[in-house]
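Asks: Here you go, this is final11.cif (mmCIF, C-alpha atoms and all ligand atoms).
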```
data_data
loop_
_atom_site.group_PDB
_atom_site.id
_atom_site.type_symbol
_atom_site.label_atom_id
_atom_site.label_comp_id
_atom_site.auth_asym_id
_atom_site.auth_seq_id
_atom_site.Cartn_x
_atom_site.Cartn_y
_atom_site.Cartn_z
ATOM 1 C CA MET A 1041 -11.320 -0.814 -19.756
ATOM 2 C CA GLN A 1042 -10.732 -4.513 -19.153
ATOM 3 C CA THR A 1043 -11.559 -5.632 -15.640
ATOM 4 C CA HIS A 1044 -10.815 -8.786 -13.672
ATOM 5 C CA GLY A 1045 -11.890 -10.791 -10.692
ATOM 6 C CA PRO A 1046 -15.287 -11.089 -9.104
ATOM 7 C CA GLU A 1047 -17.099 -7.914 -9.831
ATOM 8 C CA PRO A 1048 -19.105 -6.227 -7.155
ATOM 9 C CA LEU A 1049 -21.061 -3.501 -8.860
ATOM 10 C CA ALA A 1050 -19.832 -0.008 -8.122
ATOM 11 C CA GLY A 1051 -21.042 0.854 -4.644
ATOM 12 C CA GLU A 1052 -21.444 -2.725 -3.470
ATOM 13 C CA GLY A 1053 -18.231 -3.093 -1.507
ATOM 14 C CA GLN A 1054 -18.317 -5.044 1.719
ATOM 15 C CA ALA A 1055 -17.909 -1.914 3.771
ATOM 16 C CA GLY A 1056 -21.073 -0.253 2.455
ATOM 17 C CA GLN A 1057 -22.018 1.968 -0.422
ATOM 18 C CA ARG A 1058 -18.629 3.482 -1.008
ATOM 19 C CA THR A 1059 -16.621 1.689 -3.698
ATOM 20 C CA GLY A 1060 -16.606 3.275 -7.139
ATOM 21 C CA GLU A 1061 -15.247 2.688 -10.621
ATOM 22 C CA VAL A 1062 -12.138 0.634 -11.368
ATOM 23 C CA LEU A 1063 -9.143 2.799 -10.391
ATOM 24 C CA LEU A 1064 -6.351 0.291 -10.950
ATOM 25 C CA ASP A 1065 -6.423 -2.543 -13.447
ATOM 26 C CA VAL A 1066 -3.658 -5.148 -13.402
ATOM 27 C CA ALA A 1067 -3.785 -7.236 -16.586
ATOM 28 C CA ASN A 1068 -1.836 -10.433 -17.224
ATOM 29 C CA ILE A 1069 1.308 -9.380 -15.378
ATOM 30 C CA SER A 1070 4.276 -11.737 -15.553
ATOM 31 C CA LEU A 1071 7.601 -10.973 -13.894
ATOM 32 C CA ARG A 1072 10.714 -13.112 -13.983
ATOM 33 C CA PHE A 1073 14.061 -12.834 -12.209
ATOM 34 C CA GLY A 1074 16.384 -15.077 -14.194
ATOM 35 C CA GLY A 1075 14.847 -18.527 -13.785
ATOM 36 C CA VAL A 1076 12.414 -17.444 -11.026
ATOM 37 C CA ASN A 1077 8.831 -16.744 -12.074
ATOM 38 C CA ALA A 1078 7.933 -14.232 -9.392
ATOM 39 C CA LEU A 1079 4.545 -13.473 -11.015
ATOM 40 C CA THR A 1080 2.708 -15.433 -13.699
ATOM 41 C CA ASP A 1081 -0.206 -13.935 -15.618
ATOM 42 C CA ILE A 1082 -1.703 -12.014 -12.691
ATOM 43 C CA SER A 1083 -4.879 -10.031 -13.263
ATOM 44 C CA PHE A 1084 -7.098 -8.191 -10.797
ATOM 45 C CA ASN A 1085 -8.520 -4.759 -10.286
ATOM 46 C CA VAL A 1086 -8.973 -2.257 -7.501
ATOM 47 C CA ARG A 1087 -11.994 -0.003 -7.248
ATOM 48 C CA GLU A 1088 -12.054 3.575 -6.039
ATOM 49 C CA HIS A 1089 -12.283 3.831 -2.228
ATOM 50 C CA GLU A 1090 -11.767 0.092 -1.851
ATOM 51 C CA ILE A 1091 -9.513 -1.638 0.672
ATOM 52 C CA ARG A 1092 -7.957 -4.459 -1.336
ATOM 53 C CA ALA A 1093 -5.630 -6.966 0.325
ATOM 54 C CA ILE A 1094 -2.971 -9.089 -1.346
ATOM 55 C CA ILE A 1095 -2.177 -12.188 0.679
ATOM 56 C CA GLY A 1096 -0.219 -15.396 0.205
ATOM 57 C CA PRO A 1097 2.495 -17.508 1.834
ATOM 58 C CA ASN A 1098 6.113 -16.321 1.975
ATOM 59 C CA GLY A 1099 7.637 -15.872 -1.473
ATOM 60 C CA ALA A 1100 4.203 -15.850 -3.159
ATOM 61 C CA GLY A 1101 4.977 -12.665 -5.076
ATOM 62 C CA LYS A 1102 3.117 -10.064 -3.018
ATOM 63 C CA SER A 1103 5.925 -7.489 -2.725
ATOM 64 C CA SER A 1104 6.859 -8.071 -6.365
ATOM 65 C CA MET A 1105 3.276 -7.198 -7.296
ATOM 66 C CA LEU A 1106 3.379 -3.995 -5.281
ATOM 67 C CA ASN A 1107 6.737 -3.152 -6.858
ATOM 68 C CA CYS A 1108 5.206 -3.548 -10.320
ATOM 69 C CA ILE A 1109 2.305 -1.274 -9.400
ATOM 70 C CA ASN A 1110 4.555 1.508 -8.177
ATOM 71 C CA GLY A 1111 7.080 1.270 -10.979
ATOM 72 C CA VAL A 1112 10.016 -0.278 -9.089
ATOM 73 C CA TYR A 1113 9.892 -3.414 -11.265
ATOM 74 C CA ALA A 1114 9.054 -3.502 -14.978
ATOM 75 C CA PRO A 1115 7.157 -6.725 -15.688
ATOM 76 C CA GLN A 1116 8.095 -8.602 -18.866
ATOM 77 C CA GLN A 1117 4.432 -9.070 -19.773
ATOM 78 C CA GLY A 1118 1.104 -7.429 -19.094
ATOM 79 C CA ALA A 1119 -0.108 -3.921 -18.444
ATOM 80 C CA ILE A 1120 -1.104 -1.810 -15.474
ATOM 81 C CA THR A 1121 -3.722 0.864 -15.906
ATOM 82 C CA PHE A 1122 -4.241 3.567 -13.301
ATOM 83 C CA ARG A 1123 -7.057 6.096 -13.713
ATOM 84 C CA GLY A 1124 -7.443 4.997 -17.324
ATOM 85 C CA GLN A 1125 -3.770 5.573 -18.128
ATOM 86 C CA THR A 1126 -1.769 2.472 -19.015
ATOM 87 C CA PHE A 1127 1.880 2.429 -18.059
ATOM 88 C CA LYS A 1128 4.498 -0.075 -19.057
ATOM 89 C CA HIS A 1129 7.750 1.639 -18.341
ATOM 90 C CA MET A 1130 6.969 4.232 -15.738
ATOM 91 C CA ASN A 1131 9.382 4.882 -12.893
ATOM 92 C CA SER A 1132 8.460 5.287 -9.233
ATOM 93 C CA ARG A 1133 8.491 9.061 -9.374
ATOM 94 C CA GLN A 1134 6.102 9.162 -12.312
ATOM 95 C CA VAL A 1135 3.763 6.715 -10.596
ATOM 96 C CA ALA A 1136 3.917 8.841 -7.440
ATOM 97 C CA GLU A 1137 3.061 11.944 -9.465
ATOM 98 C CA MET A 1138 -0.027 10.109 -10.717
ATOM 99 C CA GLY A 1139 -1.208 9.792 -7.114
ATOM 100 C CA VAL A 1140 0.175 6.498 -5.809
ATOM 101 C CA ALA A 1141 2.063 6.511 -2.488
ATOM 102 C CA ARG A 1142 3.669 3.606 -0.720
ATOM 103 C CA THR A 1143 4.950 2.479 2.643
ATOM 104 C CA PHE A 1144 7.651 -0.142 2.999
ATOM 105 C CA GLN A 1145 7.953 -3.505 4.735
ATOM 106 C CA ASN A 1146 11.310 -2.465 6.159
ATOM 107 C CA LEU A 1147 10.961 1.117 7.223
ATOM 108 C CA ALA A 1148 12.726 3.591 4.952
ATOM 109 C CA LEU A 1149 12.574 6.597 7.258
ATOM 110 C CA PHE A 1150 15.362 9.068 8.040
ATOM 111 C CA LYS A 1151 16.099 7.841 11.573
ATOM 112 C CA GLY A 1152 18.075 10.890 12.694
ATOM 113 C CA MET A 1153 15.471 13.371 11.492
ATOM 114 C CA SER A 1154 12.401 14.488 13.436
ATOM 115 C CA VAL A 1155 8.899 13.138 12.868
ATOM 116 C CA LEU A 1156 7.945 16.495 11.371
ATOM 117 C CA ASP A 1157 10.830 16.532 8.897
ATOM 118 C CA ASN A 1158 10.254 12.917 7.877
ATOM 119 C CA ILE A 1159 6.626 13.621 7.071
ATOM 120 C CA MET A 1160 7.653 16.855 5.360
ATOM 121 C CA SER A 1161 9.936 14.803 3.089
ATOM 122 C CA GLY A 1162 6.759 13.224 1.715
ATOM 123 C CA ARG A 1163 5.763 16.654 0.360
ATOM 124 C CA ASN A 1164 8.801 16.867 -1.942
ATOM 125 C CA LEU A 1165 6.810 16.069 -5.054
ATOM 126 C CA LYS A 1166 4.416 18.873 -4.232
ATOM 127 C CA ILE A 1167 7.038 21.592 -3.805
ATOM 128 C CA LYS A 1168 6.760 23.884 -6.800
ATOM 129 C CA SER A 1169 9.070 26.826 -6.047
ATOM 130 C CA ASN A 1170 12.589 26.564 -7.384
ATOM 131 C CA LEU A 1171 15.660 25.864 -5.281
ATOM 132 C CA LEU A 1172 16.942 29.430 -5.398
ATOM 133 C CA TRP A 1173 13.665 30.834 -4.017
ATOM 134 C CA GLN A 1174 13.690 28.173 -1.337
ATOM 135 C CA ALA A 1175 17.303 28.927 -0.379
ATOM 136 C CA LEU A 1176 16.667 32.686 -0.212
ATOM 137 C CA ARG A 1177 13.274 32.141 1.444
ATOM 138 C CA ILE A 1178 11.602 34.706 -0.773
ATOM 139 C CA GLY A 1179 8.362 35.154 -2.658
ATOM 140 C CA PRO A 1180 6.267 32.090 -3.361
ATOM 141 C CA ALA A 1181 8.721 29.844 -1.488
ATOM 142 C CA VAL A 1182 7.689 31.287 1.891
ATOM 143 C CA ARG A 1183 3.966 31.013 1.170
ATOM 144 C CA GLU A 1184 4.476 27.505 -0.110
ATOM 145 C CA GLU A 1185 6.452 26.405 2.911
ATOM 146 C CA ILE A 1186 3.684 27.648 5.213
ATOM 147 C CA GLN A 1187 1.113 25.643 3.255
ATOM 148 C CA HIS A 1188 3.236 22.508 3.383
ATOM 149 C CA ARG A 1189 3.868 22.883 7.109
ATOM 150 C CA GLU A 1190 0.134 23.280 7.716
ATOM 151 C CA ALA A 1191 -0.573 20.130 5.696
ATOM 152 C CA VAL A 1192 2.047 18.213 7.677
ATOM 153 C CA GLU A 1193 0.632 19.458 11.001
ATOM 154 C CA ARG A 1194 -2.822 18.236 9.953
ATOM 155 C CA ILE A 1195 -1.370 14.781 9.284
ATOM 156 C CA ILE A 1196 0.441 14.796 12.630
ATOM 157 C CA ASP A 1197 -2.860 15.637 14.377
ATOM 158 C CA PHE A 1198 -4.724 13.003 12.384
ATOM 159 C CA LEU A 1199 -2.208 10.302 13.355
ATOM 160 C CA GLU A 1200 -2.173 11.491 16.975
ATOM 161 C CA ILE A 1201 1.590 11.933 17.127
ATOM 162 C CA GLN A 1202 1.691 15.594 18.231
ATOM 163 C CA ALA A 1203 3.766 14.688 21.292
ATOM 164 C CA TYR A 1204 6.586 13.392 19.076
ATOM 165 C CA ARG A 1205 6.719 16.133 16.419
ATOM 166 C CA LYS A 1206 10.333 17.067 17.226
ATOM 167 C CA THR A 1207 11.540 13.595 18.275
ATOM 168 C CA PRO A 1208 14.106 11.889 16.027
ATOM 169 C CA VAL A 1209 12.269 8.963 14.441
ATOM 170 C CA GLY A 1210 14.963 6.478 15.479
ATOM 171 C CA GLN A 1211 14.081 7.087 19.146
ATOM 172 C CA LEU A 1212 10.437 6.089 18.720
ATOM 173 C CA PRO A 1213 8.979 2.638 19.373
ATOM 174 C CA TYR A 1214 8.517 0.563 16.221
ATOM 175 C CA GLY A 1215 4.720 0.960 16.110
ATOM 176 C CA LEU A 1216 5.044 4.743 16.094
ATOM 177 C CA GLN A 1217 7.739 4.597 13.402
ATOM 178 C CA LYS A 1218 5.262 2.690 11.217
ATOM 179 C CA ARG A 1219 2.741 5.439 11.876
ATOM 180 C CA VAL A 1220 5.267 8.084 10.779
ATOM 181 C CA ASP A 1221 5.899 6.039 7.626
ATOM 182 C CA LEU A 1222 2.151 6.159 6.950
ATOM 183 C CA GLY A 1223 2.226 9.901 7.613
ATOM 184 C CA ARG A 1224 4.978 10.411 5.065
ATOM 185 C CA ALA A 1225 2.940 8.550 2.447
ATOM 186 C CA LEU A 1226 -0.167 10.571 3.350
ATOM 187 C CA ALA A 1227 1.821 13.799 2.907
ATOM 188 C CA MET A 1228 1.711 13.089 -0.833
ATOM 189 C CA GLU A 1229 -2.095 13.300 -0.638
ATOM 190 C CA PRO A 1230 -2.312 10.114 -2.680
ATOM 191 C CA GLN A 1231 -5.387 8.781 -4.398
ATOM 192 C CA MET A 1232 -4.093 5.267 -3.818
ATOM 193 C CA LEU A 1233 -1.998 4.039 -0.920
ATOM 194 C CA LEU A 1234 0.109 0.886 -1.172
ATOM 195 C CA LEU A 1235 0.883 -0.545 2.264
ATOM 196 C CA ASP A 1236 3.495 -3.292 2.508
ATOM 197 C CA GLU A 1237 2.837 -5.172 5.747
ATOM 198 C CA PRO A 1238 1.748 -2.130 7.770
ATOM 199 C CA MET A 1239 1.196 -4.229 10.924
ATOM 200 C CA ALA A 1240 4.348 -6.369 10.746
ATOM 201 C CA GLY A 1241 6.223 -6.599 14.031
ATOM 202 C CA MET A 1242 3.510 -4.794 15.994
ATOM 203 C CA ASN A 1243 1.899 -5.799 19.256
ATOM 204 C CA VAL A 1244 -1.881 -6.199 19.490
ATOM 205 C CA GLU A 1245 -2.509 -2.642 20.634
ATOM 206 C CA GLU A 1246 -0.313 -1.142 17.912
ATOM 207 C CA LYS A 1247 -2.113 -3.277 15.316
ATOM 208 C CA GLN A 1248 -5.490 -2.040 16.517
ATOM 209 C CA ASP A 1249 -4.281 1.553 16.245
ATOM 210 C CA MET A 1250 -2.894 1.009 12.748
ATOM 211 C CA CYS A 1251 -6.146 -0.673 11.613
ATOM 212 C CA ARG A 1252 -8.085 2.314 12.878
ATOM 213 C CA PHE A 1253 -5.834 4.749 11.002
ATOM 214 C CA VAL A 1254 -6.032 2.759 7.753
ATOM 215 C CA LEU A 1255 -9.832 2.664 8.010
ATOM 216 C CA ASP A 1256 -9.961 6.379 8.879
ATOM 217 C CA VAL A 1257 -7.734 7.297 5.920
ATOM 218 C CA ASN A 1258 -9.977 5.241 3.677
ATOM 219 C CA GLN A 1259 -13.222 6.634 5.044
ATOM 220 C CA GLU A 1260 -12.330 10.265 5.777
ATOM 221 C CA PHE A 1261 -10.131 10.981 2.751
ATOM 222 C CA GLY A 1262 -11.669 8.388 0.409
ATOM 223 C CA THR A 1263 -8.174 7.022 -0.252
ATOM 224 C CA THR A 1264 -8.067 3.667 -2.029
ATOM 225 C CA VAL A 1265 -5.860 1.193 -0.165
ATOM 226 C CA VAL A 1266 -3.958 -1.838 -1.436
ATOM 227 C CA LEU A 1267 -2.286 -3.706 1.374
ATOM 228 C CA ILE A 1268 -0.099 -6.734 1.849
ATOM 229 C CA GLU A 1269 -0.661 -8.257 5.244
ATOM 230 C CA HIS A 1270 0.137 -11.553 6.935
ATOM 231 C CA ASP A 1271 -2.233 -11.079 9.874
ATOM 232 C CA MET A 1272 -5.364 -12.790 8.593
ATOM 233 C CA GLY A 1273 -7.539 -11.351 11.338
ATOM 234 C CA VAL A 1274 -6.657 -7.862 10.118
ATOM 235 C CA VAL A 1275 -7.158 -8.792 6.458
ATOM 236 C CA MET A 1276 -10.540 -10.369 7.062
ATOM 237 C CA ASP A 1277 -11.675 -7.448 9.219
ATOM 238 C CA ILE A 1278 -10.781 -4.467 7.077
ATOM 239 C CA SER A 1279 -10.638 -5.619 3.428
ATOM 240 C CA ASP A 1280 -13.416 -5.300 0.892
ATOM 241 C CA ARG A 1281 -11.817 -7.865 -1.432
ATOM 242 C CA VAL A 1282 -8.736 -10.067 -1.247
ATOM 243 C CA VAL A 1283 -6.365 -11.377 -3.948
ATOM 244 C CA VAL A 1284 -4.487 -14.552 -3.020
ATOM 245 C CA LEU A 1285 -1.141 -15.403 -4.601
ATOM 246 C CA ASP A 1286 0.834 -18.619 -4.308
ATOM 247 C CA TYR A 1287 4.122 -19.334 -6.107
ATOM 248 C CA GLY A 1288 3.492 -16.241 -8.260
ATOM 249 C CA LYS A 1289 0.056 -17.366 -9.432
ATOM 250 C CA LYS A 1290 -3.359 -16.060 -8.483
ATOM 251 C CA ILE A 1291 -5.296 -18.791 -6.685
ATOM 252 C CA GLY A 1292 -8.125 -16.762 -5.203
ATOM 253 C CA ASP A 1293 -9.930 -13.442 -5.550
ATOM 254 C CA GLY A 1294 -13.056 -12.322 -3.777
ATOM 255 C CA THR A 1295 -14.568 -11.101 -0.559
ATOM 256 C CA PRO A 1296 -12.881 -12.216 2.673
ATOM 257 C CA GLN A 1297 -15.671 -14.777 3.124
ATOM 258 C CA GLU A 1298 -15.196 -16.193 -0.385
ATOM 259 C CA VAL A 1299 -11.442 -16.401 -0.011
ATOM 260 C CA ARG A 1300 -11.680 -18.032 3.404
ATOM 261 C CA ASN A 1301 -13.834 -20.805 1.917
ATOM 262 C CA ASN A 1302 -11.718 -21.299 -1.211
ATOM 263 C CA PRO A 1303 -10.222 -24.830 -1.134
ATOM 264 C CA ASP A 1304 -7.131 -23.756 -3.134
ATOM 265 C CA VAL A 1305 -6.426 -21.019 -0.619
ATOM 266 C CA ILE A 1306 -6.861 -23.325 2.358
ATOM 267 C CA ARG A 1307 -4.560 -25.870 0.687
ATOM 268 C CA ALA A 1308 -1.883 -23.264 -0.080
ATOM 269 C CA TYR A 1309 -1.787 -22.070 3.508
ATOM 270 C CA LEU A 1310 -1.801 -25.537 4.995
ATOM 271 C CA GLY A 1311 0.867 -26.625 2.513
ATOM 272 C CA ALA A 1312 3.055 -23.688 3.399
ATOM 273 C CA GLU A 1313 3.343 -24.855 7.010
ATOM 274 C CA ALA A 1314 1.028 -22.005 7.888
ATOM 275 C CA SER A 1315 -1.391 -24.406 9.475
ATOM 276 C CA SER A 1316 -1.031 -22.316 12.585
ATOM 277 C CA ASN A 1317 -2.109 -19.278 10.604
ATOM 278 C CA PRO A 1318 -4.610 -20.272 7.875
ATOM 279 C CA PRO A 1319 -6.908 -17.530 6.560
ATOM 280 C CA GLN A 1320 -9.540 -17.880 9.269
ATOM 281 C CA GLY A 1321 -9.889 -14.343 10.511
ATOM 282 C CA HIS A 1322 -10.913 -13.746 14.120
HETATM 283 N N1 LIG A 1401 14.967 -8.579 -6.789
HETATM 284 C C1 LIG A 1401 14.800 -9.910 -6.874
HETATM 285 N N2 LIG A 1401 15.725 -10.692 -7.465
HETATM 286 C C2 LIG A 1401 15.566 -12.022 -7.555
HETATM 287 N N3 LIG A 1401 14.479 -12.684 -7.087
HETATM 288 C C3 LIG A 1401 13.528 -11.964 -6.484
HETATM 289 C C4 LIG A 1401 13.629 -10.545 -6.336
HETATM 290 N N4 LIG A 1401 12.513 -10.094 -5.694
HETATM 291 C C5 LIG A 1401 11.770 -11.183 -5.453
HETATM 292 N N5 LIG A 1401 12.362 -12.298 -5.918
HETATM 293 C C6 LIG A 1401 11.836 -13.660 -5.861
HETATM 294 O O1 LIG A 1401 10.515 -13.624 -6.338
HETATM 295 C C7 LIG A 1401 9.677 -14.456 -5.555
HETATM 296 C C8 LIG A 1401 8.558 -13.625 -4.934
HETATM 297 O O2 LIG A 1401 9.116 -12.798 -3.929
HETATM 298 P P1 LIG A 1401 8.300 -11.663 -3.171
HETATM 299 O O3 LIG A 1401 9.232 -10.956 -2.258
HETATM 300 O O4 LIG A 1401 7.537 -10.854 -4.142
HETATM 301 O O5 LIG A 1401 7.279 -12.559 -2.319
HETATM 302 P P2 LIG A 1401 6.377 -12.135 -1.077
HETATM 303 O O6 LIG A 1401 5.073 -12.816 -1.258
HETATM 304 O O7 LIG A 1401 6.339 -10.662 -0.924
HETATM 305 O O8 LIG A 1401 7.168 -12.796 0.130
HETATM 306 P P3 LIG A 1401 7.227 -12.384 1.700
HETATM 307 O O9 LIG A 1401 5.867 -12.616 2.267
HETATM 308 O O10 LIG A 1401 8.222 -13.343 2.252
HETATM 309 O O11 LIG A 1401 7.664 -10.949 1.784
HETATM 310 C C9 LIG A 1401 10.568 -15.136 -4.526
HETATM 311 O O12 LIG A 1401 10.953 -16.391 -5.042
HETATM 312 C C10 LIG A 1401 11.739 -14.188 -4.424
HETATM 313 O O13 LIG A 1401 12.907 -14.887 -4.062
#
```
Written as structure tokens, that's how I'd like the structure from this file.

Replies:
Amino acid sequence: MQTHGPEPLAGEGQAGQRTGEVLLDVANISLRFGGVNALTDISFNVREHEIRAIIGPNGAGKSSMLNCINGVYAPQQGAITFRGQTFKHMNSRQVAEMGVARTFQNLALFKGMSVLDNIMSGRNLKIKSNLLWQALRIGPAVREEIQHREAVERIIDFLEIQAYRKTPVGQLPYGLQKRVDLGRALAMEPQMLLLDEPMAGMNVEEKQDMCRFVLDVNQEFGTTVVLIEHDMGVVMDISDRVVVLDYGKKIGDGTPQEVRNNPDVIRAYLGAEASSNPPQGH
């Protein structure tokens, strides 16, 4: 398989001896919207168990990249290979079935439904019994429902949201809603989790909690994480490697330390009036 970017050997990730083989390989992706080149010839890879960040100024192409990976957008050029299987025209459901789950920048939860039911909705792909069995609550449907409920309860415990199990999601503070969104993605038991700005709009305490949960998911379940994040302190703290995009092009790729010292990256952030928020970390 073709690989890209600086190559730590398997097991040499920043966070210790835990990264493995290449799980996701993005090769020469280009995506256009009419006259806008959202992505131009982007290549990078993600290793098993890695936390890989995608950063860049506003409009750099980060969400577009995530949308290509999970089948929302079909790039005009390039190929994406997940677990050795290359997909060009795969839709979101097919990508999800392969083990890729995603959270969204703007929450896409069912606000009137309880925390429990929202997380349960993440199990849809895993429900095997047919609709008639489910409606009649007979046979395998009952056993299956018990299993799914147990899995959801484990996630609720893991995310420490037991007190809100029955609360309609719309009544929760924003930070907790983001946690429920993570829970719904985890309910798919994904091999790879795509997080689109998981800390956006959070206060310091909520960010610390979310960081802890992302690290715990990565370490306890071995889930590979790809995240878009604007908070450079968070990115520098929790990522093994970072891809930097600017105007749809890749301008940096490496460990947080390498990216922080990359003159192109510094220039892009300063140029994008982000001088108050260059990639310095804490
Ligand atoms: N569906 C679309 N139709 C037309 N243009 C789009 C579409 N999605 C993204 N773009 C354009 O592609 C470019 C990259 O946008 P994208 O949202 O991927 O950037 P981003 O790095 O995620 O930005 P932000 O940090 O502001 O969320 C922008 O110029 C944007 O206007």

Asks: Could you give me, as CSV, every chain A residue with an atom at most 7 Å from ligand LIG 1401 (chain A), plus its closest atom pair and distance in Å to one decimal, counting only C-alpha atoms and all ligand atoms, rows ordered by chain then number?

Replies:
```
residue,atom,partner,partner_atom,distance
A:Phe1073,CA,A:LIG1401,C2,5.0
A:Val1076,CA,A:LIG1401,O12,6.2
A:Asn1077,CA,A:LIG1401,O1,6.7
A:Ala1078,CA,A:LIG1401,O1,4.0
A:Gly1096,CA,A:LIG1401,O6,6.1
A:Pro1097,CA,A:LIG1401,O9,6.0
A:Asn1098,CA,A:LIG1401,O10,3.7
A:Gly1099,CA,A:LIG1401,O5,3.4
A:Ala1100,CA,A:LIG1401,O6,3.7
A:Gly1101,CA,A:LIG1401,O4,3.3
A:Lys1102,CA,A:LIG1401,O6,3.8
A:Ser1103,CA,A:LIG1401,O7,3.7
A:Ser1104,CA,A:LIG1401,O4,3.6
A:Met1105,CA,A:LIG1401,O4,6.4
A:Gly1288,CA,A:LIG1401,C8,6.6
```

Asks: Restricting the calculation to only C-alpha atoms, which member of A:Met1228, A:Val1257, A:Val1066, A:Ala1203 is positioned closest to A:Arg1133?

Replies: A:Met1228

Asks: When you draw a straight line from atom CA of A:Arg1142 to atom CA of A:Gly1075, how long is it in Å?

Replies: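 According to the coordinates, atom CA of A:Arg1142 and atom CA of A:Gly1075 are separated by 28.0 Å.
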
Asks: Ranking A:Leu1063, A:Leu1199, A:Ala1119, A:Leu1222 by minimum distance to A:His1089 and counting only C-alpha atoms, which one comes first?

Replies: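 Among A:Leu1063, A:Leu1199, A:Ala1119, A:Leu1222, it is A:Leu1063 that comes nearest to A:His1089.
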
Asks: What is the distance between atom CA of A:Ile1095 and atom CA of A:Ile1268, in Å to one decimal?

Replies: 6.0 Å

Asks: What does the distance from atom CA of A:Arg1058 to atom CA of A:Thr1263 come to in Å, to one decimal?

Replies: 11.1 Å

Asks: Adding 8 Å on each side of the box along x, y and z that holds all listed atoms of stretch 1077-1089 of chain A, could you give its centre and edge lengths in Å to one decimal, as lines of an AutoDock Vina configuration file?

Replies:
```
center_x = -1.7
center_y = -6.5
center_z = -8.9
size_x = 37.1
size_y = 36.6
size_z = 29.4
```

Asks: Need the neighbours of (5.5, -12.6, -12.4): which residues are at most 7 Å away, counting all atoms listed in the file, as an mmCIF file with C-alpha atoms, keeping the file's coordinate frame?

Replies:
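Produced file out-v5.cif, reproduced below:
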```cif
data_model
loop_
_atom_site.group_PDB
_atom_site.id
_atom_site.type_symbol
_atom_site.label_atom_id
_atom_site.label_comp_id
_atom_site.auth_asym_id
_atom_site.auth_seq_id
_atom_site.Cartn_x
_atom_site.Cartn_y
_atom_site.Cartn_z
ATOM 1 C CA ILE A 1069 1.308 -9.380 -15.378
ATOM 2 C CA SER A 1070 4.276 -11.737 -15.553
ATOM 3 C CA LEU A 1071 7.601 -10.973 -13.894
ATOM 4 C CA ARG A 1072 10.714 -13.112 -13.983
ATOM 5 C CA ASN A 1077 8.831 -16.744 -12.074
ATOM 6 C CA ALA A 1078 7.933 -14.232 -9.392
ATOM 7 C CA LEU A 1079 4.545 -13.473 -11.015
ATOM 8 C CA THR A 1080 2.708 -15.433 -13.699
ATOM 9 C CA ASP A 1081 -0.206 -13.935 -15.618
ATOM 10 C CA PRO A 1115 7.157 -6.725 -15.688
ATOM 11 C CA GLY A 1288 3.492 -16.241 -8.260
#
```

Asks: Write out as an MDAnalysis selection string the residues lying within 9 Å of A:Gln1231, counting all atoms listed in the file and excluding same-chain residues fewer than 5 positions away.

Replies: chainID A and resid 1088:1089 1138:1141 1261:1265

Asks: Translate the PyMOL selection byres (((chain A and resi 1087) around 6) and not hetatm) into a concrete residue list for this structure, as a PyMOL selection string.

Replies: chain A and resi 1060-1063+1086+1088+1090

Asks: So that I can see what lies close to A:Gly1111, please list as JSON, numbers by chain the residues with an atom at most 8 Å from it, counting only C-alpha atoms and leaving out residues fewer than 4 positions away in the same chain.

Replies: {"A": [1107, 1129, 1130, 1131, 1132, 1135]}
